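The structure appears right after this line, and notes come after that.
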Amino acid sequence: MKRFALILMCLAGLAVCTGCGNKGGKKADGKDGKVDIEKVADKLMKEAFEGDKYSKEAAEFYFKKNEGIKLSDLAPDYKLNETSKYTYYGDERDALANFKIQDGDTYTKDQHEANVRRIYALTKKVADNGINVYGFEEKSNKDEAMAEKDLEQMMKDNAGSKIFGIEIYIGSYGWSFLRNGDLHRCEISLLEKDDVKLGYSVKMYKGLQKSFDETLEDAEKALEDPEVQKQLEKALKDASK
């Protein structure tokens, strides 16, 4: 319905332009001067999302817009339990999807590791430089932060261990990747309850662009600005009222 409404809006706008003689205007998309209304509607759909943030549609929209990745490519091959309101989330900052198994089904460590490998390949494919890196969440030095994070080493580091015969496996993995010049973060977590594996969660968001020390330095410089100090002083006075 939203797409249909946008098409109607585009048609209405086109009618106004035509009525005005389209003075000084440029020709539209096609070489023949015709406007492709569906393309215009698609462009508007890509630039705006007005639905519920806690929805599959929101996650789908923002994974694609922010990361260039389809939600369907992140999903597993098993039937999903999507009953929780918080199964999906999406906004301008981040996108989240919880891929939970159906009651009575099983999810194994091998499946989890296979999903991590598959998603690692997806972010690597959309990265500007074709690699996944450590990011400033893990390294403070820029060269180290921008160095490739090796998949096999990461899998080895997060493989877990056995203590008194009991396996301790957290199942959390994370890395960064460059997307349109910015560092983005991918985090995969094991969904678990009462030691039963229930699936996995994928969260992607715009990560740290500088080291923690550099971020602090920028904050300190900003605090030295007289205008910022004035605003802070005003905020403190307002808060004390």
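Going through the structure tokens in order, the chains are called A, B, and so on, while each chain numbers its residues from 1 and the ligands are numbered from 1 in the order shown.
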
Segment 16-187 of chain A: which residues are strand (DSSP E) by DSSP, as JSON, numbers by chain?
{"A": [88, 89, 90, 94, 95, 96, 97, 98, 99, 100, 161, 162, 163, 166, 167, 168, 173, 174, 175, 176, 177, 178, 179, 182, 183, 184, 185, 186, 187]}

Okay, now the selection with C-alpha atoms, as an mmCIF file, in the first residue's frame?
```
data_model
loop_
_atom_site.group_PDB
_atom_site.id
_atom_site.type_symbol
_atom_site.label_atom_id
_atom_site.label_comp_id
_atom_site.auth_asym_id
_atom_site.auth_seq_id
_atom_site.Cartn_x
_atom_site.Cartn_y
_atom_site.Cartn_z
ATOM 1 C CA TYR A 88 13.498 -7.859 14.667
ATOM 2 C CA TYR A 89 14.544 -4.220 14.959
ATOM 3 C CA GLY A 90 15.754 -1.519 12.609
ATOM 4 C CA ASP A 94 21.445 -0.230 13.658
ATOM 5 C CA ALA A 95 19.544 -3.346 12.640
ATOM 6 C CA LEU A 96 18.917 -6.554 14.565
ATOM 7 C CA ALA A 97 17.494 -9.982 13.760
ATOM 8 C CA ASN A 98 16.989 -12.935 16.109
ATOM 9 C CA PHE A 99 16.810 -16.235 14.252
ATOM 10 C CA LYS A 100 15.223 -18.521 16.828
ATOM 11 C CA SER A 161 36.633 -25.154 26.094
ATOM 12 C CA LYS A 162 35.720 -27.928 28.508
ATOM 13 C CA ILE A 163 35.947 -27.582 32.276
ATOM 14 C CA ILE A 166 31.372 -29.460 30.739
ATOM 15 C CA GLU A 167 31.645 -27.455 27.532
ATOM 16 C CA ILE A 168 31.860 -23.693 27.981
ATOM 17 C CA TYR A 173 31.683 -13.285 17.393
ATOM 18 C CA GLY A 174 32.357 -9.783 16.126
ATOM 19 C CA TRP A 175 34.234 -7.885 13.448
ATOM 20 C CA SER A 176 34.094 -4.627 11.491
ATOM 21 C CA PHE A 177 33.995 -3.780 7.800
ATOM 22 C CA LEU A 178 34.229 -0.641 5.671
ATOM 23 C CA ARG A 179 30.991 0.369 3.999
ATOM 24 C CA ASP A 182 32.625 4.224 7.283
ATOM 25 C CA LEU A 183 33.391 1.394 9.669
ATOM 26 C CA HIS A 184 30.413 -0.813 10.403
ATOM 27 C CA ARG A 185 30.211 -3.484 13.082
ATOM 28 C CA CYS A 186 28.786 -6.988 12.848
ATOM 29 C CA GLU A 187 28.046 -8.935 16.030
#
```

Check which residues of segment 127-152 of chain A sit at most 9 Å from segment 199-219 of chain A using only C-alpha atoms, and return one row each with the closest pair of atoms and their distance in Å to one decimal, ordered by chain and rising number, as a Markdown table.
```
| residue | atom | partner | partner_atom | distance |
| --- | --- | --- | --- | --- |
| A:Gly135 | CA | A:Leu208 | CA | 7.4 |
| A:Phe136 | CA | A:Ser211 | CA | 5.4 |
| A:Glu137 | CA | A:Leu208 | CA | 6.6 |
| A:Lys139 | CA | A:Ser211 | CA | 7.6 |
| A:Ser140 | CA | A:Ser211 | CA | 5.0 |
| A:Asn141 | CA | A:Ser211 | CA | 7.1 |
| A:Lys142 | CA | A:Ser211 | CA | 7.4 |
| A:Ala145 | CA | A:Ser211 | CA | 8.6 |
```

Save the residues we just selected, all heavy atoms, as a compact mmCIF listing (two decimals), in the first residue's frame?
```txt
# COMPACT_ATOMS: atom_id res chain seq x y z
N GLY A 135 38.54 -3.33 13.68
CA GLY A 135 37.79 -2.17 14.11
C GLY A 135 38.31 -1.59 15.41
O GLY A 135 39.10 -2.23 16.12
N PHE A 136 37.87 -0.38 15.72
CA PHE A 136 38.34 0.31 16.94
C PHE A 136 37.69 -0.23 18.21
O PHE A 136 38.10 0.11 19.31
CB PHE A 136 38.11 1.81 16.81
CG PHE A 136 39.03 2.48 15.83
CD1 PHE A 136 38.57 2.94 14.61
CD2 PHE A 136 40.38 2.64 16.13
CE1 PHE A 136 39.43 3.55 13.70
CE2 PHE A 136 41.25 3.24 15.24
CZ PHE A 136 40.78 3.70 14.02
N GLU A 137 36.67 -1.09 18.06
CA GLU A 137 36.11 -1.75 19.23
C GLU A 137 37.10 -2.74 19.83
O GLU A 137 37.02 -3.07 21.02
CB GLU A 137 34.81 -2.49 18.87
CG GLU A 137 33.61 -1.61 18.64
CD GLU A 137 33.61 -0.92 17.28
OE1 GLU A 137 34.53 -1.19 16.46
OE2 GLU A 137 32.71 -0.12 17.03
N LYS A 139 40.79 -2.77 18.65
CA LYS A 139 42.17 -2.28 18.58
C LYS A 139 42.18 -0.75 18.67
O LYS A 139 41.35 -0.08 18.06
CB LYS A 139 42.83 -2.72 17.27
CG LYS A 139 42.81 -4.22 17.00
CD LYS A 139 43.78 -4.97 17.89
CE LYS A 139 43.82 -6.46 17.51
NZ LYS A 139 44.74 -7.21 18.37
N SER A 140 43.15 -0.21 19.41
CA SER A 140 43.23 1.25 19.54
C SER A 140 44.11 1.88 18.47
O SER A 140 43.89 3.03 18.07
CB SER A 140 43.77 1.62 20.93
OG SER A 140 45.03 1.03 21.16
N ASN A 141 45.10 1.13 17.99
CA ASN A 141 45.98 1.63 16.94
C ASN A 141 45.27 1.52 15.58
O ASN A 141 44.67 0.49 15.26
CB ASN A 141 47.27 0.80 16.93
CG ASN A 141 48.21 1.20 15.83
OD1 ASN A 141 48.08 0.74 14.70
ND2 ASN A 141 49.16 2.05 16.14
N LYS A 142 45.35 2.57 14.78
CA LYS A 142 44.62 2.61 13.51
C LYS A 142 45.05 1.48 12.57
O LYS A 142 44.19 0.82 11.96
CB LYS A 142 44.82 3.96 12.82
CG LYS A 142 43.99 4.09 11.55
CD LYS A 142 44.16 5.45 10.90
CE LYS A 142 43.31 5.54 9.62
NZ LYS A 142 43.44 6.85 8.95
N ALA A 145 43.60 -1.66 13.85
CA ALA A 145 42.14 -1.65 13.73
C ALA A 145 41.70 -1.94 12.30
O ALA A 145 40.67 -2.59 12.07
CB ALA A 145 41.57 -0.32 14.19
```

Looking at A:Met146, A:Thr106, A:Lys221, A:Ile119, which one is nearest to Glu192 of chain A, with distances taken over only C-alpha atoms?
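Under the stated criterion, the closest residue is A:Thr106.
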
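Take atom CA of His112 of chain A and atom CA of Leu198 of chain A: the distance between them is 10.0 Å.
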
Students should find that atom CA of Val196 of chain A and atom CA of Asp105 of chain A are spaced 10.7 Å

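The coordinates place atom CA of Lys85 of chain A at 14.0 Å from atom CA of Gly51 of chain A.
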
Given the choices A:Val116, A:Leu232, A:Met154, A:Ala58, which gets closest to Tyr134 of chain A if the distance is worked out from only C-alpha atoms?
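Answer, going by the shortest atom-to-atom distance: A:Met154.
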